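This report concerns only the one structure given below.
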Amino acid sequence: AMWRLVWLFVGLFGAHAFQSPLVARRSPRWTRLAVTEGDTATDELAEDRALLQRAADKRDVDAEDVYEAIRRLEKARGVEQDILGNLTGDWRLIFTTGEVKTQKAVGRRINYVPVKAVQSFDADTMAIENGVYVGDAAVLKFTGTFRWLEDKRRLEFDFFRLLFFGSDVTDGLPQSIRDKAGLKREGLEYKRQPFFTFFCCDGKILVGRGGGGGVALWANQRKEKDA
(Lines give C-alpha, C1' and ligand atoms only; values in the text may rest on other atoms or scores of the structure.)
Protein backbone atom coordinates (compact mmCIF):
# COMPACT_ATOMS: atom_id res chain seq x y z
CA ALA A 1 0.00 0.00 0.00
CA MET A 2 2.82 2.39 0.87
CA TRP A 3 4.50 1.80 -2.49
CA ARG A 4 1.25 2.46 -4.36
CA LEU A 5 0.98 5.85 -2.66
CA VAL A 6 4.63 6.61 -3.36
CA TRP A 7 4.13 5.61 -7.00
CA LEU A 8 1.11 7.94 -7.38
CA PHE A 9 2.92 10.98 -6.01
CA VAL A 10 6.07 10.12 -7.93
CA GLY A 11 4.09 10.01 -11.16
CA LEU A 12 2.59 13.45 -10.55
CA PHE A 13 5.52 15.35 -9.06
CA GLY A 14 8.73 13.47 -9.93
CA ALA A 15 11.48 14.97 -12.06
CA HIS A 16 10.22 13.22 -15.20
CA ALA A 17 7.25 15.63 -15.28
CA PHE A 18 9.68 18.47 -15.98
CA GLN A 19 11.77 16.77 -18.66
CA SER A 20 11.35 17.88 -22.27
CA PRO A 21 9.32 15.48 -24.43
CA LEU A 22 10.96 13.41 -27.13
CA VAL A 23 8.30 14.54 -29.62
CA ALA A 24 7.05 18.10 -29.76
CA ARG A 25 3.42 18.48 -28.71
CA ARG A 26 0.98 21.09 -29.91
CA SER A 27 0.22 23.72 -27.27
CA PRO A 28 -3.39 24.03 -26.10
CA ARG A 29 -5.46 26.50 -28.14
CA TRP A 30 -5.47 30.07 -26.85
CA THR A 31 -6.83 33.39 -28.08
CA ARG A 32 -5.25 36.75 -27.31
CA LEU A 33 -7.62 39.10 -25.49
CA ALA A 34 -8.59 42.25 -27.37
CA VAL A 35 -7.09 45.51 -26.08
CA THR A 36 -8.42 49.02 -26.45
CA GLU A 37 -6.64 51.69 -28.43
CA GLY A 38 -3.96 53.42 -26.38
CA ASP A 39 -3.17 50.43 -24.21
CA THR A 40 0.55 49.66 -24.06
CA ALA A 41 2.32 46.33 -23.83
CA THR A 42 3.44 47.29 -20.33
CA ASP A 43 -0.15 47.96 -19.28
CA GLU A 44 -1.26 44.61 -20.68
CA LEU A 45 1.44 42.72 -18.81
CA ALA A 46 0.61 44.56 -15.59
CA GLU A 47 -3.01 43.53 -16.03
CA ASP A 48 -1.95 39.94 -16.69
CA ARG A 49 0.14 39.87 -13.51
CA ALA A 50 -2.80 41.33 -11.56
CA LEU A 51 -5.09 38.65 -13.00
CA LEU A 52 -2.65 35.91 -12.02
CA GLN A 53 -2.28 37.41 -8.55
CA ARG A 54 -6.04 37.26 -8.12
CA ALA A 55 -6.04 33.67 -9.38
CA ALA A 56 -3.39 32.84 -6.79
CA ASP A 57 -5.31 34.60 -4.00
CA LYS A 58 -8.90 33.71 -4.80
CA ARG A 59 -8.81 30.83 -7.32
CA ASP A 60 -11.91 32.31 -8.93
CA VAL A 61 -10.46 33.35 -12.30
CA ASP A 62 -11.56 31.29 -15.29
CA ALA A 63 -8.92 28.68 -16.14
CA GLU A 64 -8.72 29.72 -19.78
CA ASP A 65 -8.09 33.35 -18.77
CA VAL A 66 -5.32 32.20 -16.44
CA TYR A 67 -3.75 30.20 -19.24
CA GLU A 68 -3.97 33.09 -21.71
CA ALA A 69 -2.35 35.47 -19.23
CA ILE A 70 0.49 33.02 -18.63
CA ARG A 71 1.03 32.64 -22.37
CA ARG A 72 1.21 36.40 -22.92
CA LEU A 73 3.81 36.71 -20.17
CA GLU A 74 5.74 33.89 -21.82
CA LYS A 75 5.69 35.66 -25.18
CA ALA A 76 6.90 38.94 -23.61
CA ARG A 77 10.46 37.70 -23.22
CA GLY A 78 11.82 41.24 -23.04
CA VAL A 79 10.33 41.97 -19.62
CA GLU A 80 13.22 42.59 -17.24
CA GLN A 81 13.01 40.95 -13.84
CA ASP A 82 15.61 39.69 -11.41
CA ILE A 83 14.11 36.22 -11.37
CA LEU A 84 16.91 34.53 -9.46
CA GLY A 85 17.02 37.39 -6.97
CA ASN A 86 13.32 36.92 -6.21
CA LEU A 87 13.30 33.13 -6.32
CA THR A 88 14.46 32.13 -2.83
CA GLY A 89 11.51 30.94 -0.78
CA ASP A 90 8.61 28.52 -0.72
CA TRP A 91 6.20 28.60 -3.67
CA ARG A 92 2.83 26.84 -3.58
CA LEU A 93 1.64 25.44 -6.89
CA ILE A 94 -1.71 27.06 -7.69
CA PHE A 95 -2.44 26.24 -11.32
CA THR A 96 -0.95 24.00 -13.98
CA THR A 97 -2.00 22.62 -17.34
CA GLY A 98 0.11 19.56 -16.60
CA GLU A 99 1.95 17.45 -19.15
CA VAL A 100 0.24 14.76 -21.22
CA LYS A 101 1.44 11.90 -18.99
CA THR A 102 0.15 13.68 -15.88
CA GLN A 103 -3.22 14.33 -17.50
CA LYS A 104 -3.53 10.61 -18.24
CA ALA A 105 -2.48 9.70 -14.69
CA VAL A 106 -5.24 11.77 -13.07
CA GLY A 107 -7.77 11.24 -15.86
CA ARG A 108 -8.23 14.90 -16.75
CA ARG A 109 -6.45 18.14 -17.54
CA ILE A 110 -5.30 19.85 -14.35
CA ASN A 111 -6.17 23.51 -13.78
CA TYR A 112 -6.24 24.68 -10.17
CA VAL A 113 -4.22 22.20 -8.14
CA PRO A 114 -6.35 20.57 -5.42
CA VAL A 115 -3.44 19.38 -3.26
CA LYS A 116 -0.81 21.39 -1.43
CA ALA A 117 2.34 21.09 -3.53
CA VAL A 118 5.24 23.40 -2.66
CA GLN A 119 8.42 24.11 -4.62
CA SER A 120 11.27 25.58 -2.54
CA PHE A 121 14.42 27.28 -3.81
CA ASP A 122 17.51 28.67 -2.10
CA ALA A 123 19.57 30.81 -4.46
CA ASP A 124 22.49 30.95 -1.99
CA THR A 125 22.99 27.17 -1.71
CA MET A 126 21.33 26.34 -5.08
CA ALA A 127 19.10 23.82 -3.28
CA ILE A 128 15.66 22.75 -4.50
CA GLU A 129 12.83 20.85 -2.83
CA ASN A 130 9.51 19.66 -4.23
CA GLY A 131 7.01 18.59 -1.60
CA VAL A 132 3.42 17.40 -1.34
CA TYR A 133 1.80 18.31 1.98
CA VAL A 134 -1.16 17.52 4.19
CA GLY A 135 -1.47 20.64 6.29
CA ASP A 136 2.10 21.45 7.34
CA ALA A 137 3.28 17.83 7.13
CA ALA A 138 5.25 16.80 4.06
CA VAL A 139 3.90 13.49 2.75
CA LEU A 140 6.49 13.31 0.01
CA LYS A 141 9.51 15.50 -0.66
CA PHE A 142 12.16 15.43 -3.37
CA THR A 143 15.46 17.20 -2.62
CA GLY A 144 18.31 18.18 -4.89
CA THR A 145 20.28 21.02 -6.42
CA PHE A 146 19.79 23.41 -9.32
CA ARG A 147 21.73 25.67 -11.65
CA TRP A 148 20.48 28.90 -13.21
CA LEU A 149 21.02 29.82 -16.87
CA GLU A 150 20.37 33.56 -16.92
CA ASP A 151 20.31 34.06 -20.69
CA LYS A 152 17.61 31.40 -21.08
CA ARG A 153 15.86 32.09 -17.77
CA ARG A 154 16.12 28.37 -17.30
CA LEU A 155 16.50 26.50 -14.02
CA GLU A 156 17.93 23.01 -14.52
CA PHE A 157 17.77 20.70 -11.53
CA ASP A 158 18.72 17.27 -10.23
CA PHE A 159 16.81 15.35 -7.57
CA PHE A 160 18.91 12.99 -5.44
CA ARG A 161 16.83 12.09 -2.38
CA LEU A 162 13.20 11.19 -1.68
CA LEU A 163 11.61 11.64 1.75
CA PHE A 164 8.36 9.96 2.77
CA PHE A 165 6.69 11.50 5.84
CA GLY A 166 10.07 13.00 6.78
CA SER A 167 12.06 9.78 6.48
CA ASP A 168 14.65 9.36 3.73
CA VAL A 169 13.50 6.28 1.81
CA THR A 170 15.79 6.73 -1.20
CA ASP A 171 18.09 3.80 -0.55
CA GLY A 172 15.19 1.43 0.10
CA LEU A 173 13.26 2.25 -3.06
CA PRO A 174 13.13 -0.25 -5.92
CA GLN A 175 15.20 1.01 -8.84
CA SER A 176 12.07 1.20 -11.00
CA ILE A 177 10.52 3.78 -8.66
CA ARG A 178 13.79 5.70 -8.37
CA ASP A 179 13.94 5.90 -12.14
CA LYS A 180 10.26 6.85 -12.38
CA ALA A 181 10.87 9.65 -9.88
CA GLY A 182 13.82 10.91 -11.90
CA LEU A 183 16.25 10.52 -9.02
CA LYS A 184 19.70 10.99 -10.48
CA ARG A 185 22.10 8.06 -10.29
CA GLU A 186 25.66 8.82 -9.26
CA GLY A 187 27.94 9.09 -12.26
CA LEU A 188 25.09 9.06 -14.77
CA GLU A 189 23.44 11.94 -16.62
CA TYR A 190 19.75 12.35 -17.35
CA LYS A 191 18.70 11.40 -20.87
CA ARG A 192 16.53 14.51 -20.76
CA GLN A 193 17.51 17.15 -18.21
CA PRO A 194 14.51 18.31 -16.12
CA PHE A 195 14.06 22.07 -16.03
CA PHE A 196 11.78 25.06 -15.62
CA THR A 197 11.82 28.16 -17.80
CA PHE A 198 10.55 31.10 -15.74
CA PHE A 199 9.15 34.27 -17.24
CA CYS A 200 7.79 36.07 -14.20
CA CYS A 201 8.95 36.16 -10.58
CA ASP A 202 8.04 39.37 -8.77
CA GLY A 203 8.21 38.09 -5.20
CA LYS A 204 4.46 37.39 -5.10
CA ILE A 205 3.84 35.07 -8.04
CA LEU A 206 6.08 32.76 -10.02
CA VAL A 207 5.15 31.78 -13.58
CA GLY A 208 6.91 29.31 -15.83
CA ARG A 209 6.89 26.28 -18.09
CA GLY A 210 8.31 22.87 -17.25
CA GLY A 211 10.36 20.76 -19.60
CA GLY A 212 7.36 18.45 -20.00
CA GLY A 213 5.46 21.25 -21.73
CA GLY A 214 3.00 22.33 -19.04
CA VAL A 215 2.73 25.91 -17.78
CA ALA A 216 2.28 26.70 -14.11
CA LEU A 217 1.52 29.44 -11.60
CA TRP A 218 2.92 29.45 -8.06
CA ALA A 219 2.21 31.80 -5.12
CA ASN A 220 4.76 32.89 -2.55
CA GLN A 221 4.08 31.07 0.70
CA ARG A 222 5.40 33.98 2.74
CA LYS A 223 2.57 36.12 1.41
CA GLU A 224 0.07 33.37 2.13
CA LYS A 225 1.30 33.07 5.73
CA ASP A 226 1.20 36.85 6.21
CA ALA A 227 -2.35 37.12 4.87
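Ordering of the C-alpha coordinates sets the chain letters (A, B, ...), residue numbers begin anew at 1 in every chain, and ligands are numbered from 1 in the order given.
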
Inset, instruction - Considering only C-alpha atoms, return as a list in words whatever protein or nucleic-acid residues lie within 6 Å of Val118 of chain A, sequence-local ones (same chain, fewer than 5 positions apart) excluded. - result: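 Non-adjacent residues within range: Trp91, Arg92, Leu93, Asn130 and Gly131 of chain A.
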
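Atom to atom, atom CA of Leu149 of chain A and atom CA of Ala69 of chain A stand 24.2 Å apart.
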
Legend entry - Minimum-distance residue to Arg161 of chain A, chosen among A:Pro114, A:Gly144, A:Gly213, A:Pro174 (using only C-alpha atoms): A:Gly144

Inset, instruction - Measuring atom to atom with only C-alpha atoms, identify which of A:Arg49, A:Arg72, A:Arg54, A:Arg153 is nearest to Leu84 of chain A. - result: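 Using only C-alpha atoms, Leu84 of chain A sits closest to A:Arg153.
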
Kindly provide the residues of segment 69-144 of chain A that approach segment 162-167 of chain A to within 12 Å, each paired with its closest atom pair and their distance in Å to one decimal, based on only C-alpha atoms, listed by chain and increasing number, as a Markdown table.
| residue | atom | partner | partner_atom | distance |
| --- | --- | --- | --- | --- |
| A:Glu129 | CA | A:Leu162 | CA | 9.7 |
| A:Asn130 | CA | A:Leu162 | CA | 9.6 |
| A:Gly131 | CA | A:Leu163 | CA | 9.0 |
| A:Val132 | CA | A:Phe164 | CA | 9.8 |
| A:Tyr133 | CA | A:Phe165 | CA | 9.2 |
| A:Val134 | CA | A:Phe165 | CA | 10.0 |
| A:Asp136 | CA | A:Phe165 | CA | 11.1 |
| A:Ala137 | CA | A:Phe165 | CA | 7.3 |
| A:Ala138 | CA | A:Phe165 | CA | 5.8 |
| A:Val139 | CA | A:Phe165 | CA | 4.6 |
| A:Leu140 | CA | A:Phe164 | CA | 4.7 |
| A:Lys141 | CA | A:Leu163 | CA | 5.0 |
| A:Phe142 | CA | A:Leu162 | CA | 4.7 |
| A:Thr143 | CA | A:Leu162 | CA | 6.5 |
| A:Gly144 | CA | A:Leu162 | CA | 9.2 |

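Minimum distance to Gly208 of chain A across A:Gln53, A:Thr42, A:Ser120, A:Thr97 (counting only C-alpha atoms) occurs at A:Thr97.
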
Which neighbours of Lys75 of chain A fall inside 12 Å, counting only C-alpha atoms, when residues of the same chain fewer than 6 positions from it are skipped, and could you give them as a PDB file with all heavy atoms, in the first residue's frame?
ATOM      1  N   ARG A  32      -5.703  35.529 -27.964  1.00  0.00           N
ATOM      2  CA  ARG A  32      -5.246  36.750 -27.315  1.00  0.00           C
ATOM      3  C   ARG A  32      -6.438  37.654 -27.044  1.00  0.00           C
ATOM      4  O   ARG A  32      -7.298  37.863 -27.901  1.00  0.00           O
ATOM      5  CB  ARG A  32      -4.242  37.470 -28.206  1.00  0.00           C
ATOM      6  CG  ARG A  32      -3.586  38.652 -27.489  1.00  0.00           C
ATOM      7  CD  ARG A  32      -2.551  39.324 -28.387  1.00  0.00           C
ATOM      8  NE  ARG A  32      -1.921  40.427 -27.707  1.00  0.00           N
ATOM      9  CZ  ARG A  32      -0.901  40.320 -26.887  1.00  0.00           C
ATOM     10  NH1 ARG A  32      -0.404  39.135 -26.640  1.00  0.00           N
ATOM     11  NH2 ARG A  32      -0.372  41.365 -26.302  1.00  0.00           N
ATOM     12  N   ALA A  41       1.927  47.683 -24.191  1.00  0.00           N
ATOM     13  CA  ALA A  41       2.318  46.331 -23.828  1.00  0.00           C
ATOM     14  C   ALA A  41       2.576  46.234 -22.332  1.00  0.00           C
ATOM     15  O   ALA A  41       2.235  45.235 -21.689  1.00  0.00           O
ATOM     16  CB  ALA A  41       3.555  45.916 -24.613  1.00  0.00           C
ATOM     17  N   LEU A  45       0.737  43.670 -19.659  1.00  0.00           N
ATOM     18  CA  LEU A  45       1.444  42.724 -18.806  1.00  0.00           C
ATOM     19  C   LEU A  45       1.146  42.974 -17.337  1.00  0.00           C
ATOM     20  O   LEU A  45       1.062  42.035 -16.544  1.00  0.00           O
ATOM     21  CB  LEU A  45       2.944  42.806 -19.078  1.00  0.00           C
ATOM     22  CG  LEU A  45       3.371  42.391 -20.490  1.00  0.00           C
ATOM     23  CD1 LEU A  45       4.868  42.564 -20.665  1.00  0.00           C
ATOM     24  CD2 LEU A  45       2.969  40.957 -20.776  1.00  0.00           C
ATOM     25  N   GLU A  68      -4.279  32.048 -20.733  1.00  0.00           N
ATOM     26  CA  GLU A  68      -3.965  33.086 -21.714  1.00  0.00           C
ATOM     27  C   GLU A  68      -3.006  34.126 -21.129  1.00  0.00           C
ATOM     28  O   GLU A  68      -2.081  34.590 -21.811  1.00  0.00           O
ATOM     29  CB  GLU A  68      -5.246  33.749 -22.203  1.00  0.00           C
ATOM     30  CG  GLU A  68      -6.106  32.847 -23.068  1.00  0.00           C
ATOM     31  CD  GLU A  68      -7.442  33.462 -23.435  1.00  0.00           C
ATOM     32  OE1 GLU A  68      -7.728  34.576 -22.932  1.00  0.00           O
ATOM     33  OE2 GLU A  68      -8.180  32.866 -24.225  1.00  0.00           O
ATOM     34  N   ALA A  69      -3.231  34.500 -19.870  1.00  0.00           N
ATOM     35  CA  ALA A  69      -2.349  35.475 -19.226  1.00  0.00           C
ATOM     36  C   ALA A  69      -0.933  34.917 -19.098  1.00  0.00           C
ATOM     37  O   ALA A  69       0.058  35.626 -19.326  1.00  0.00           O
ATOM     38  CB  ALA A  69      -2.903  35.859 -17.855  1.00  0.00           C
ATOM     39  N   PHE A 198      11.395  30.132 -16.438  1.00  0.00           N
ATOM     40  CA  PHE A 198      10.554  31.097 -15.743  1.00  0.00           C
ATOM     41  C   PHE A 198      10.470  32.396 -16.532  1.00  0.00           C
ATOM     42  O   PHE A 198      11.472  32.854 -17.094  1.00  0.00           O
ATOM     43  CB  PHE A 198      11.110  31.383 -14.345  1.00  0.00           C
ATOM     44  CG  PHE A 198      11.028  30.206 -13.410  1.00  0.00           C
ATOM     45  CD1 PHE A 198      12.156  29.752 -12.738  1.00  0.00           C
ATOM     46  CD2 PHE A 198       9.831  29.543 -13.197  1.00  0.00           C
ATOM     47  CE1 PHE A 198      12.094  28.667 -11.887  1.00  0.00           C
ATOM     48  CE2 PHE A 198       9.754  28.451 -12.336  1.00  0.00           C
ATOM     49  CZ  PHE A 198      10.884  28.019 -11.682  1.00  0.00           C
ATOM     50  N   PHE A 199       9.292  32.996 -16.560  1.00  0.00           N
ATOM     51  CA  PHE A 199       9.153  34.274 -17.242  1.00  0.00           C
ATOM     52  C   PHE A 199       8.482  35.334 -16.383  1.00  0.00           C
ATOM     53  O   PHE A 199       8.206  36.437 -16.852  1.00  0.00           O
ATOM     54  CB  PHE A 199       8.403  34.135 -18.582  1.00  0.00           C
ATOM     55  CG  PHE A 199       7.495  32.954 -18.689  1.00  0.00           C
ATOM     56  CD1 PHE A 199       6.174  33.047 -18.309  1.00  0.00           C
ATOM     57  CD2 PHE A 199       7.973  31.742 -19.182  1.00  0.00           C
ATOM     58  CE1 PHE A 199       5.318  31.955 -18.426  1.00  0.00           C
ATOM     59  CE2 PHE A 199       7.125  30.642 -19.288  1.00  0.00           C
ATOM     60  CZ  PHE A 199       5.803  30.752 -18.920  1.00  0.00           C
ATOM     61  N   CYS A 200       8.237  35.043 -15.135  1.00  0.00           N
ATOM     62  CA  CYS A 200       7.786  36.072 -14.195  1.00  0.00           C
ATOM     63  C   CYS A 200       8.065  35.592 -12.782  1.00  0.00           C
ATOM     64  O   CYS A 200       7.693  34.474 -12.415  1.00  0.00           O
ATOM     65  CB  CYS A 200       6.295  36.364 -14.360  1.00  0.00           C
ATOM     66  SG  CYS A 200       5.652  37.595 -13.193  1.00  0.00           S
ATOM     67  N   GLY A 208       5.933  29.945 -14.969  1.00  0.00           N
ATOM     68  CA  GLY A 208       6.914  29.305 -15.827  1.00  0.00           C
ATOM     69  C   GLY A 208       6.350  28.112 -16.566  1.00  0.00           C
ATOM     70  O   GLY A 208       5.164  27.778 -16.455  1.00  0.00           O
ATOM     71  N   ARG A 209       7.233  27.485 -17.338  1.00  0.00           N
ATOM     72  CA  ARG A 209       6.888  26.279 -18.092  1.00  0.00           C
ATOM     73  C   ARG A 209       7.910  25.206 -17.771  1.00  0.00           C
ATOM     74  O   ARG A 209       9.114  25.451 -17.768  1.00  0.00           O
ATOM     75  CB  ARG A 209       6.878  26.568 -19.597  1.00  0.00           C
ATOM     76  CG  ARG A 209       6.460  25.371 -20.447  1.00  0.00           C
ATOM     77  CD  ARG A 209       6.526  25.681 -21.941  1.00  0.00           C
ATOM     78  NE  ARG A 209       5.523  26.627 -22.368  1.00  0.00           N
ATOM     79  CZ  ARG A 209       4.266  26.315 -22.679  1.00  0.00           C
ATOM     80  NH1 ARG A 209       3.871  25.042 -22.584  1.00  0.00           N
ATOM     81  NH2 ARG A 209       3.415  27.239 -23.080  1.00  0.00           N
TER      82      ARG A 209
END

Inset, instruction - One decimal, Å: what's the distance from atom CA of Lys116 of chain A over to atom CA of Leu52 of chain A, could you say? - result: 18.1 Å

Inset, instruction - From the DSSP assignment of the backbone, select every residue of segment 51-188 of chain A that is strand (DSSP E), and format the answer as a PyMOL selection string. - result: chain A and resi 89-96+116-122+127-134+137-149+154-164+167-168

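The space separating atom CA of Phe146 of chain A from atom CA of Val215 of chain A comes to 19.2 Å.
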
Inset, instruction - Compare A:Gly211, A:Phe195, A:Val66, A:Asn111 by their minimum atom-to-atom distance to Ile128 of chain A, counting only C-alpha atoms, and give me the closest one. - result: A:Phe195

Legend entry - Selected residue, from A:Leu206, A:Gln175, A:Tyr67, A:Phe160, that lies nearest to Phe121 of chain A when counting only C-alpha atoms: A:Leu206
